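Colleague: mmCIF, C-alpha atoms, saved as coords.cif, coming up:
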data_target
loop_
_atom_site.label_atom_id
_atom_site.label_comp_id
_atom_site.auth_asym_id
_atom_site.auth_seq_id
_atom_site.Cartn_x
_atom_site.Cartn_y
_atom_site.Cartn_z
CA MET A 14 28.80 -8.64 8.07
CA ASN A 15 26.64 -11.60 9.05
CA ASP A 16 26.30 -10.26 12.61
CA SER A 17 25.04 -6.93 11.31
CA ILE A 18 22.53 -8.73 9.08
CA ARG A 19 21.26 -10.77 12.02
CA GLY A 20 21.05 -7.63 14.14
CA SER A 21 19.06 -5.98 11.38
CA ALA A 22 16.76 -9.00 11.24
CA ALA A 23 16.05 -8.69 14.96
CA SER A 24 15.31 -4.98 14.48
CA VAL A 25 12.97 -5.80 11.62
CA ASP A 26 11.13 -8.25 13.86
CA MET A 27 10.57 -5.57 16.49
CA VAL A 28 9.44 -3.00 13.91
CA ALA A 29 7.02 -5.54 12.42
CA ILE A 30 5.60 -6.37 15.84
CA ARG A 31 5.13 -2.70 16.76
CA LEU A 32 3.48 -1.98 13.41
CA GLY A 33 1.29 -5.02 13.96
CA ILE A 34 0.17 -3.71 17.33
CA ALA A 35 -0.69 -0.27 15.90
CA ALA A 36 -2.51 -1.81 12.93
CA GLY A 37 -4.31 -4.25 15.22
CA PHE A 38 -5.70 -1.46 17.38
CA PHE A 39 -6.75 0.43 14.26
CA ALA A 40 -8.54 -2.62 12.82
CA CYS A 41 -10.27 -3.37 16.14
CA ILE A 42 -11.57 0.22 16.29
CA ALA A 43 -12.42 0.53 12.59
CA TYR A 44 -14.52 -2.64 12.47
CA PRO A 45 -17.20 -1.64 15.04
CA LEU A 46 -17.26 1.91 13.65
CA MET A 47 -18.11 0.59 10.19
CA VAL A 48 -20.64 -1.94 11.46
CA PHE A 49 -22.45 0.03 14.17
CA ALA A 50 -21.77 3.76 13.66
CA HIS A 51 -23.45 5.98 11.06
CA LEU A 52 -20.42 7.84 9.74
CA PRO A 53 -20.14 10.22 6.77
CA LYS A 54 -19.41 8.62 3.41
CA LEU A 55 -15.77 9.74 3.28
CA ALA A 56 -15.03 8.39 6.78
CA THR A 57 -16.67 5.02 6.07
CA THR A 58 -14.95 4.72 2.69
CA THR A 59 -11.58 5.47 4.25
CA LEU A 60 -12.07 2.97 7.06
CA ALA A 61 -13.27 0.28 4.64
CA ALA A 62 -10.36 0.80 2.27
CA CYS A 63 -7.79 0.80 5.10
CA PHE A 64 -9.22 -2.09 7.11
CA GLY A 65 -7.93 -4.84 4.81
CA PRO A 66 -4.31 -3.61 4.73
CA ALA A 67 -4.43 -2.91 8.48
CA LEU A 68 -5.58 -6.46 9.23
CA ALA A 69 -2.79 -7.84 7.03
CA VAL A 70 -0.13 -5.74 8.80
CA ALA A 71 -1.56 -6.67 12.21
CA CYS A 72 -1.44 -10.38 11.41
CA PHE A 73 2.06 -10.08 9.94
CA GLY A 74 3.22 -8.58 13.24
CA LEU A 75 1.45 -11.33 15.18
CA ARG A 76 3.15 -13.95 13.03
CA ARG A 77 6.59 -12.42 13.67
CA LEU A 78 5.90 -12.42 17.41
CA LEU A 79 4.76 -16.03 17.42
CA ASP A 80 7.77 -17.08 15.32
CA LEU A 81 10.46 -15.46 17.48
CA GLU A 82 11.18 -18.70 19.32
CA LYS A 83 10.81 -20.97 16.29
CA PRO A 84 9.00 -20.86 12.92
CA ARG A 85 5.42 -22.07 13.08
CA LEU A 86 3.54 -23.29 10.02
CA MET A 87 0.17 -22.35 11.52
CA SER A 88 1.17 -18.74 12.16
CA ALA A 89 2.22 -18.40 8.51
CA LEU A 90 -1.10 -19.86 7.34
CA GLY A 91 -2.99 -17.61 9.76
CA PHE A 92 -1.29 -14.53 8.32
CA VAL A 93 -2.05 -15.49 4.70
CA LEU A 94 -5.69 -16.40 5.38
CA ASN A 95 -6.39 -13.27 7.43
CA ALA A 96 -4.72 -11.03 4.85
CA LEU A 97 -7.11 -12.46 2.26
CA ALA A 98 -9.98 -12.04 4.72
CA GLY A 99 -9.20 -8.35 5.10
CA ALA A 100 -9.23 -7.88 1.33
CA LEU A 101 -12.61 -9.62 1.10
CA PHE A 102 -14.06 -7.47 3.91
CA SER A 103 -12.93 -4.24 2.27
CA ALA A 104 -14.36 -5.43 -1.04
CA MET A 105 -17.68 -6.37 0.58
CA VAL A 106 -18.15 -3.00 2.32
CA LEU A 107 -17.07 -0.97 -0.71
CA VAL A 108 -19.42 -2.96 -2.97
CA GLN A 109 -22.28 -2.31 -0.55
CA MET A 110 -21.50 1.39 -0.43
CA ALA A 111 -21.15 1.66 -4.20
CA VAL A 112 -24.57 0.05 -4.71
CA TRP A 113 -26.28 2.14 -2.02
CA TYR A 114 -24.92 5.44 -3.27
CA SER A 115 -25.55 4.53 -6.93
CA THR A 116 -29.20 3.59 -6.34
CA LYS A 117 -29.79 6.76 -4.24
CA GLY A 118 -32.14 5.07 -1.78
CA ALA A 119 -34.05 2.95 -4.32
CA ALA A 120 -34.78 -0.71 -3.58
CA VAL A 121 -31.83 -2.98 -4.34
CA PRO A 122 -32.68 -6.20 -6.24
CA SER A 123 -32.08 -9.40 -4.32
CA TYR A 124 -29.64 -10.71 -6.90
CA VAL A 125 -27.45 -7.65 -6.26
CA THR A 126 -27.52 -8.00 -2.48
CA ALA A 127 -26.62 -11.67 -2.99
CA ILE A 128 -23.21 -10.49 -4.26
CA TRP A 129 -22.17 -8.95 -0.97
CA LEU A 130 -23.84 -11.74 1.01
CA GLY A 131 -21.47 -14.13 -0.76
CA LEU A 132 -18.54 -11.84 0.01
CA ASP A 133 -19.70 -11.71 3.63
CA VAL A 134 -19.55 -15.50 3.95
CA ALA A 135 -16.18 -15.58 2.15
CA TRP A 136 -14.79 -13.00 4.60
CA ASP A 137 -16.11 -14.97 7.58
CA GLY A 138 -14.72 -18.18 6.13
CA TYR A 139 -11.23 -16.79 5.68
CA ILE A 140 -11.11 -14.96 9.03
CA GLY A 141 -12.48 -18.08 10.72
CA LEU A 142 -9.80 -20.32 9.20
CA GLY A 143 -7.09 -17.73 9.89
CA THR A 144 -8.19 -17.47 13.51
CA LEU A 145 -8.17 -21.26 13.75
CA CYS A 146 -4.56 -21.37 12.53
CA PHE A 147 -3.40 -18.60 14.86
CA ALA A 148 -5.10 -20.30 17.81
CA ILE A 149 -3.25 -23.55 17.07
CA ALA A 150 0.03 -21.62 16.81
CA MET A 151 -0.63 -20.08 20.24
CA TRP A 152 -1.19 -23.43 22.00
CA ARG A 153 2.33 -23.80 23.41
CA HIS A 154 3.52 -20.24 23.04
CA VAL A 155 4.89 -18.75 26.24
CA ARG A 156 3.05 -15.42 25.80
CA PHE A 157 -0.34 -16.83 24.76
CA GLY A 158 -0.85 -20.46 25.69
CA LYS A 159 -3.93 -22.62 26.03
CA VAL A 160 -6.40 -19.91 27.13
CA PHE A 161 -5.91 -17.92 23.94
CA ALA A 162 -5.74 -21.11 21.89
CA LEU A 163 -8.94 -22.67 23.24
CA THR A 164 -11.01 -19.48 23.05
CA GLY A 165 -9.73 -18.81 19.54
CA LEU A 166 -10.53 -22.34 18.42
CA ALA A 167 -14.04 -22.21 19.90
CA ILE A 168 -14.85 -18.83 18.32
CA ALA A 169 -13.43 -19.81 14.93
CA LEU A 170 -15.26 -23.14 14.76
CA ALA A 171 -18.55 -21.55 15.85
CA LEU A 172 -18.15 -18.75 13.29
CA LEU A 173 -17.53 -21.22 10.46
CA ALA A 174 -20.37 -23.54 11.50
CA LEU A 175 -22.95 -20.75 11.79
CA ASN A 176 -22.04 -19.12 8.48
CA PHE A 177 -22.06 -22.37 6.54
CA TYR A 178 -25.34 -23.45 8.16
CA THR A 179 -27.27 -20.26 7.37
CA PHE A 180 -25.71 -19.59 3.92
CA PRO A 181 -26.59 -17.45 1.98
CA GLU A 182 -28.13 -15.48 4.85
CA PRO A 183 -25.79 -14.17 7.56
CA PRO A 184 -26.38 -15.84 10.96
CA GLY A 185 -27.65 -12.57 12.47
CA SER A 186 -30.33 -12.22 9.78
CA ALA A 187 -31.31 -15.87 10.21
CA GLY A 188 -32.15 -15.41 13.88
CA LEU A 189 -28.87 -16.79 15.19
CA ILE A 190 -25.82 -15.12 16.76
CA ASP A 191 -23.53 -12.83 14.80
CA LEU A 192 -20.07 -13.73 16.09
CA GLY A 193 -18.28 -10.94 14.22
CA PRO A 194 -18.02 -8.70 17.31
CA VAL A 195 -16.79 -11.68 19.36
CA VAL A 196 -14.03 -12.33 16.84
CA GLY A 197 -13.12 -8.63 16.95
CA LEU A 198 -12.99 -8.73 20.76
CA TRP A 199 -10.70 -11.78 20.68
CA TYR A 200 -8.30 -9.98 18.34
CA LEU A 201 -8.42 -6.89 20.55
CA VAL A 202 -7.29 -9.00 23.52
CA VAL A 203 -4.61 -10.60 21.31
CA THR A 204 -3.38 -7.14 20.29
CA ILE A 205 -3.22 -6.04 23.94
CA GLN A 206 -1.23 -9.18 24.73
CA MET A 207 1.13 -8.37 21.84
CA TRP A 208 1.69 -4.93 23.38
CA ARG A 209 2.28 -6.49 26.80
CA SER A 210 4.81 -8.87 25.20
CA LEU A 211 7.15 -6.20 23.78
CA THR A 212 9.75 -6.60 26.54
CA TRP A 213 9.72 -10.38 26.10
CA ALA A 214 9.97 -9.96 22.32
CA ARG A 215 13.07 -7.75 22.62
CA THR A 216 14.71 -10.34 24.85
CA ALA A 217 13.73 -13.24 22.58
CA ALA A 218 15.00 -11.42 19.48
CA GLY A 219 18.30 -10.70 21.25
CA GLN A 220 18.69 -14.32 22.33
CA THR A 221 18.04 -15.52 18.78
CA GLU A 222 20.69 -13.14 17.50
CA GLY A 223 23.12 -14.29 20.20
CA ALA A 224 22.53 -17.96 19.39
CA ALA A 225 23.18 -17.28 15.72
CA THR A 226 26.44 -15.51 16.59
CA THR A 227 27.52 -18.46 18.78
CA ILE A 228 26.88 -20.91 15.94
CA LYS A 229 28.93 -18.74 13.61
CA THR A 230 31.82 -18.66 16.11
CA ILE A 231 31.77 -22.46 16.51
CA ARG A 232 31.82 -22.94 12.75
CA ALA A 233 34.73 -20.51 12.45
CA ASP A 234 36.67 -22.41 15.13
CA ASP A 235 35.99 -25.67 13.27
CA GLY A 236 37.31 -24.15 10.07
CA GLU A 237 33.93 -24.10 8.28
#
Turn the structure described in the file into structure tokens.

Modeller:
Amino acid sequence: MNDSIRGSAASVDMVAIRLGIAAGFFACIAYPLMVFAHLPKLATTTLAACFGPALAVACFGLRRLLDLEKPRLMSALGFVLNALAGALFSAMVLVQMAVWYSTKGAAVPSYVTAIWLGLDVAWDGYIGLGTLCFAIAMWRHVRFGKVFALTGLAIALALLALNFYTFPEPPGSAGLIDLGPVVGLWYLVVTIQMWRSLTWARTAAGQTEGAATTIKTIRADDGE
């Protein structure tokens, strides 16, 4: 019974990783479409509403991949923070759209735009901290390592510093660099690396299951 449960756990890991890869590609495509493309209202609304859940699923899959060898506190924190970041981003875009379509092209008071500017900084803060945690978790991981870790740390720290420095204006509006696309590009590369790591993940999940079975056998032999 325990062996079947462990086998199921390994299968769940692989399903979570595959779902994370699919959701990661969706999020990496949806973000630039919402930011740079002029899409119809229904398409933009759908992308905005789905982006938050997609980012959460993507980061859950990334966490399961990073934790195959051993549990990592930073990967768990990265998942939680980025899931909250996705919710804040969806809320920000939907609030913007609701105001724009409600005012029908009329000027929007500054105190109203300040609402989504605050949400914008909150989203950047959470995604920055989540990226920071994931980068730390990647430092000694066999499939990511120091290159992913150092670039993730640099991007996350720069994103946080710029947003806090220019608050309440976004860095792009304040004449500085908008690092949002850079963050998106980093996660796109991470998602590609997740996809390239599927064979390794299957092997690692199988080894974990085998080790658990060995421990069970030893305990049975010892009369435990």

Colleague: Which residue gives the smallest distance to Leu175 of chain A among A:Val134, A:Val155, A:Leu201, A:Val28, with all atoms listed in the file counted?

Modeller: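 Counting all atoms listed in the file, the residue closest to Leu175 of chain A is A:Val134.
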
Colleague: Give as an MDAnalysis selection string the residues that the PyMOL selection byres ((chain A and resi 181) around 9) matches when applied to the coordinates above.

Modeller: chainID A and resid 127 130:131 134 176:180 182:183

Colleague: Grab the residues selected above and save them as a PDB file, in the coordinates of the input with C-alpha atoms.

Modeller:
ATOM      1  CA  ALA A 127     -26.620 -11.670  -2.990  1.00  0.00           C
ATOM      2  CA  LEU A 130     -23.840 -11.740   1.010  1.00  0.00           C
ATOM      3  CA  GLY A 131     -21.470 -14.130  -0.760  1.00  0.00           C
ATOM      4  CA  VAL A 134     -19.550 -15.500   3.950  1.00  0.00           C
ATOM      5  CA  ASN A 176     -22.040 -19.120   8.480  1.00  0.00           C
ATOM      6  CA  PHE A 177     -22.060 -22.370   6.540  1.00  0.00           C
ATOM      7  CA  TYR A 178     -25.340 -23.450   8.160  1.00  0.00           C
ATOM      8  CA  THR A 179     -27.270 -20.260   7.370  1.00  0.00           C
ATOM      9  CA  PHE A 180     -25.710 -19.590   3.920  1.00  0.00           C
ATOM     10  CA  GLU A 182     -28.130 -15.480   4.850  1.00  0.00           C
ATOM     11  CA  PRO A 183     -25.790 -14.170   7.560  1.00  0.00           C
TER      12      PRO A 183
END

Colleague: Please enumerate the residues selected by the PyMOL selection byres ((chain A and resi 99-113) around 10) when evaluated against the supplied file, formatted as a ChimeraX atom specification.

Modeller: /A:40,44,47-48,54,57-69,94-98,114-121,125-126,128-137,139-140

Colleague: Rounded to one decimal in Å, what is the spacing between atom CA of Arg215 of chain A and atom CA of Met27 of chain A?

Modeller: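 Distance reported for this atom pair: 7.0 Å.
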
Colleague: Quick one: distance from atom CA of Leu172 of chain A to atom CA of Phe147 of chain A in Å, one decimal?

Modeller: 14.8 Å

Colleague: How many Å lie between atom CA of Leu86 of chain A and atom CA of Val70 of chain A, rounded to one decimal?

Modeller: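 These atoms are spaced 18.0 Å apart.
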
Colleague: Of the candidates A:Leu173, A:Gly74, A:Leu52, A:Trp152, which one gets nearest to Gly193 of chain A if we count all atoms listed in the file?

Modeller: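 Nearest to Gly193 of chain A: A:Leu173.
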
Colleague: Of the candidates A:Leu170, A:Met87, A:Ala71, A:Leu55, which shows the shortest atom-to-atom distance to Met151 of chain A, using all atoms listed in the file?

Modeller: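 Among A:Leu170, A:Met87, A:Ala71, A:Leu55, it is A:Met87 that comes nearest to Met151 of chain A.
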
Colleague: Run the PyMOL selection byres ((chain A and resi 208) around 12) against the file shown and list the residues it catches, as a ChimeraX atom specification.

Modeller: /A:27,30-38,71,74-75,78,156,201-207,209-215

Colleague: So that I have them on file, write out the residues from the current selection with C-alpha atoms, as a CSV table (one decimal), in the frame of the given file.

Modeller:
chain,number,residue,atom,x,y,z
A,27,MET,CA,10.6,-5.6,16.5
A,30,ILE,CA,5.6,-6.4,15.8
A,31,ARG,CA,5.1,-2.7,16.8
A,32,LEU,CA,3.5,-2.0,13.4
A,33,GLY,CA,1.3,-5.0,14.0
A,34,ILE,CA,0.2,-3.7,17.3
A,35,ALA,CA,-0.7,-0.3,15.9
A,36,ALA,CA,-2.5,-1.8,12.9
A,37,GLY,CA,-4.3,-4.2,15.2
A,38,PHE,CA,-5.7,-1.5,17.4
A,71,ALA,CA,-1.6,-6.7,12.2
A,74,GLY,CA,3.2,-8.6,13.2
A,75,LEU,CA,1.4,-11.3,15.2
A,78,LEU,CA,5.9,-12.4,17.4
A,156,ARG,CA,3.0,-15.4,25.8
A,201,LEU,CA,-8.4,-6.9,20.6
A,202,VAL,CA,-7.3,-9.0,23.5
A,203,VAL,CA,-4.6,-10.6,21.3
A,204,THR,CA,-3.4,-7.1,20.3
A,205,ILE,CA,-3.2,-6.0,23.9
A,206,GLN,CA,-1.2,-9.2,24.7
A,207,MET,CA,1.1,-8.4,21.8
A,209,ARG,CA,2.3,-6.5,26.8
A,210,SER,CA,4.8,-8.9,25.2
A,211,LEU,CA,7.2,-6.2,23.8
A,212,THR,CA,9.8,-6.6,26.5
A,213,TRP,CA,9.7,-10.4,26.1
A,214,ALA,CA,10.0,-10.0,22.3
A,215,ARG,CA,13.1,-7.8,22.6

Colleague: Could you write segment 191-215 of chain A as a PDB file, in the coordinates of the input, with N, CA and C atoms rebuilt where they are missing?

Modeller:
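Final file, part-v9.pdb:
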ATOM      1  N   ASP A 191     -24.600 -13.366  15.626  1.00  0.00           N
ATOM      2  CA  ASP A 191     -23.530 -12.830  14.800  1.00  0.00           C
ATOM      3  C   ASP A 191     -22.260 -12.784  15.636  1.00  0.00           C
ATOM      4  N   LEU A 192     -21.293 -13.629  15.292  1.00  0.00           N
ATOM      5  CA  LEU A 192     -20.070 -13.730  16.090  1.00  0.00           C
ATOM      6  C   LEU A 192     -18.985 -12.764  15.652  1.00  0.00           C
ATOM      7  N   GLY A 193     -19.279 -11.907  14.674  1.00  0.00           N
ATOM      8  CA  GLY A 193     -18.280 -10.940  14.220  1.00  0.00           C
ATOM      9  C   GLY A 193     -17.708 -10.093  15.351  1.00  0.00           C
ATOM     10  N   PRO A 194     -18.563  -9.479  16.195  1.00  0.00           N
ATOM     11  CA  PRO A 194     -18.020  -8.700  17.310  1.00  0.00           C
ATOM     12  C   PRO A 194     -17.200  -9.534  18.284  1.00  0.00           C
ATOM     13  N   VAL A 195     -17.551 -10.809  18.458  1.00  0.00           N
ATOM     14  CA  VAL A 195     -16.790 -11.680  19.360  1.00  0.00           C
ATOM     15  C   VAL A 195     -15.392 -11.938  18.796  1.00  0.00           C
ATOM     16  N   VAL A 196     -15.335 -12.158  17.490  1.00  0.00           N
ATOM     17  CA  VAL A 196     -14.030 -12.330  16.840  1.00  0.00           C
ATOM     18  C   VAL A 196     -13.191 -11.067  17.005  1.00  0.00           C
ATOM     19  N   GLY A 197     -13.828  -9.898  16.781  1.00  0.00           N
ATOM     20  CA  GLY A 197     -13.120  -8.630  16.950  1.00  0.00           C
ATOM     21  C   GLY A 197     -12.613  -8.448  18.368  1.00  0.00           C
ATOM     22  N   LEU A 198     -13.407  -8.852  19.357  1.00  0.00           N
ATOM     23  CA  LEU A 198     -12.990  -8.730  20.760  1.00  0.00           C
ATOM     24  C   LEU A 198     -11.803  -9.646  21.040  1.00  0.00           C
ATOM     25  N   TRP A 199     -11.818 -10.860  20.484  1.00  0.00           N
ATOM     26  CA  TRP A 199     -10.700 -11.780  20.680  1.00  0.00           C
ATOM     27  C   TRP A 199      -9.411 -11.177  20.117  1.00  0.00           C
ATOM     28  N   TYR A 200      -9.500 -10.590  18.930  1.00  0.00           N
ATOM     29  CA  TYR A 200      -8.300  -9.980  18.340  1.00  0.00           C
ATOM     30  C   TYR A 200      -7.867  -8.733  19.105  1.00  0.00           C
ATOM     31  N   LEU A 201      -8.795  -8.027  19.714  1.00  0.00           N
ATOM     32  CA  LEU A 201      -8.420  -6.890  20.550  1.00  0.00           C
ATOM     33  C   LEU A 201      -7.593  -7.365  21.750  1.00  0.00           C
ATOM     34  N   VAL A 202      -8.038  -8.443  22.384  1.00  0.00           N
ATOM     35  CA  VAL A 202      -7.290  -9.000  23.520  1.00  0.00           C
ATOM     36  C   VAL A 202      -5.932  -9.513  23.053  1.00  0.00           C
ATOM     37  N   VAL A 203      -5.888 -10.140  21.872  1.00  0.00           N
ATOM     38  CA  VAL A 203      -4.610 -10.600  21.310  1.00  0.00           C
ATOM     39  C   VAL A 203      -3.670  -9.422  21.079  1.00  0.00           C
ATOM     40  N   THR A 204      -4.212  -8.320  20.547  1.00  0.00           N
ATOM     41  CA  THR A 204      -3.380  -7.140  20.290  1.00  0.00           C
ATOM     42  C   THR A 204      -2.847  -6.555  21.600  1.00  0.00           C
ATOM     43  N   ILE A 205      -3.684  -6.511  22.622  1.00  0.00           N
ATOM     44  CA  ILE A 205      -3.220  -6.040  23.940  1.00  0.00           C
ATOM     45  C   ILE A 205      -2.114  -6.949  24.465  1.00  0.00           C
ATOM     46  N   GLN A 206      -2.266  -8.251  24.278  1.00  0.00           N
ATOM     47  CA  GLN A 206      -1.230  -9.180  24.730  1.00  0.00           C
ATOM     48  C   GLN A 206       0.060  -8.998  23.926  1.00  0.00           C
ATOM     49  N   MET A 207      -0.055  -8.686  22.642  1.00  0.00           N
ATOM     50  CA  MET A 207       1.130  -8.370  21.840  1.00  0.00           C
ATOM     51  C   MET A 207       1.859  -7.165  22.440  1.00  0.00           C
ATOM     52  N   TRP A 208       1.108  -6.146  22.784  1.00  0.00           N
ATOM     53  CA  TRP A 208       1.690  -4.930  23.380  1.00  0.00           C
ATOM     54  C   TRP A 208       2.361  -5.258  24.709  1.00  0.00           C
ATOM     55  N   ARG A 209       1.709  -6.098  25.510  1.00  0.00           N
ATOM     56  CA  ARG A 209       2.280  -6.490  26.800  1.00  0.00           C
ATOM     57  C   ARG A 209       3.514  -7.378  26.639  1.00  0.00           C
ATOM     58  N   SER A 210       3.715  -7.943  25.450  1.00  0.00           N
ATOM     59  CA  SER A 210       4.810  -8.870  25.200  1.00  0.00           C
ATOM     60  C   SER A 210       6.034  -8.207  24.578  1.00  0.00           C
ATOM     61  N   LEU A 211       6.039  -6.882  24.459  1.00  0.00           N
ATOM     62  CA  LEU A 211       7.150  -6.200  23.780  1.00  0.00           C
ATOM     63  C   LEU A 211       8.485  -6.439  24.477  1.00  0.00           C
ATOM     64  N   THR A 212       8.499  -6.362  25.809  1.00  0.00           N
ATOM     65  CA  THR A 212       9.750  -6.600  26.540  1.00  0.00           C
ATOM     66  C   THR A 212      10.249  -8.015  26.300  1.00  0.00           C
ATOM     67  N   TRP A 213       9.343  -8.991  26.382  1.00  0.00           N
ATOM     68  CA  TRP A 213       9.720 -10.380  26.100  1.00  0.00           C
ATOM     69  C   TRP A 213      10.230 -10.522  24.677  1.00  0.00           C
ATOM     70  N   ALA A 214       9.586  -9.847  23.725  1.00  0.00           N
ATOM     71  CA  ALA A 214       9.970  -9.960  22.320  1.00  0.00           C
ATOM     72  C   ALA A 214      11.384  -9.414  22.106  1.00  0.00           C
ATOM     73  N   ARG A 215      11.717  -8.297  22.753  1.00  0.00           N
ATOM     74  CA  ARG A 215      13.070  -7.750  22.620  1.00  0.00           C
ATOM     75  C   ARG A 215      14.108  -8.738  23.149  1.00  0.00           C
TER      76      ARG A 215
END
